[in-house]
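Below is one structure, written out as structure tokens; the observations come after it.
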Amino acid sequence: MFEYLPFWITFFNRLGCAVVLSPDSGAEIMEKGLRELPAETCFPIKLAFGHVKSLLETDADWIFFPSLVDLHRNAEETIQLCPYAEHVPFMARSVVQERLLTPSILIGSGPGDFVKSLGPSRRSFGEMTVRSNRPT
């Protein structure tokens with residue numbers, strides 16, 4: 001996810017949202033992940049759970065945690081992801097249900113598919129925009 005951070009920050013800023021990042025990975029994040037994890041998995045998945053839990057402790061309206069399922073750059077190239085990495089947003093949703101957006105995002109197959117993959121989250125994006133544009 002980190003390599004796509006510039007894209008997502010730009011995307012949400014253009015929607016009028018303020019982007020809040022989780023803190024750097026460390027022992028505290030790991031502990032939070034271990035307390036919430038429903039199954040034994042690898043270290044990166046445990047950290048992902050810790051980052052979600054950490055963001056739940058902030059005043060963020062939503063936590064955007066997409067599943068990236070299509071990362072090929074052209075028709076001849078296919079990139080396979082670890083099944084845990086692809087499904088960790090849905091594992092997190094089984095434990096943490098509030099304020100979590102987990103769309104399956106199509107990155108590499110063109111703008112039309114990307115927009116369609118965001119469809120289920122569009123209403124929430126609109127709510128984020130309305131809230132973040134409110135005068136303070």
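Just remember, in the structure tokens the first chain shown is A, the second B, etc., residues are 1-based per chain, and ligands are 1-based in the order shown.
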
### Task
Using DSSP on the backbone coordinates, identify all residues within stretch 18-116 of chain A classified as helix (DSSP H, G or I); present the result as a ChimeraX atom specification.
/A:27-36,43-56,83-95,111-116

### Message
Env of stretch 53-67 of chain A: 10 Å cut, atoms = only C-alpha atoms, seq-sep filter 6 positions within chain, self excluded. Answer as a PyMOL selection string.
### Response
chain A and resi 1+8+17-23+28-29+32-33+35-36+47+85-90+92-93+96+98-106+118+121+124-125+127-128+131-132

### Message
Report, in Å with one decimal, the straight-line distance from atom CA of A:Ser94 to atom CA of A:Gly108.
### Response
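A separation of 27.2 Å between them.
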
### Query
Between atom CA of A:Lys116 and atom CA of A:Thr10, what is the distance, to one decimal in Å?
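Distance reported for this atom pair: 18.9 Å.
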
### Query
If you measure from atom CA of A:Leu34 to atom CA of A:Ala48, what distance in Å do you get, rounded to one decimal?
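A separation of 10.1 Å between them.
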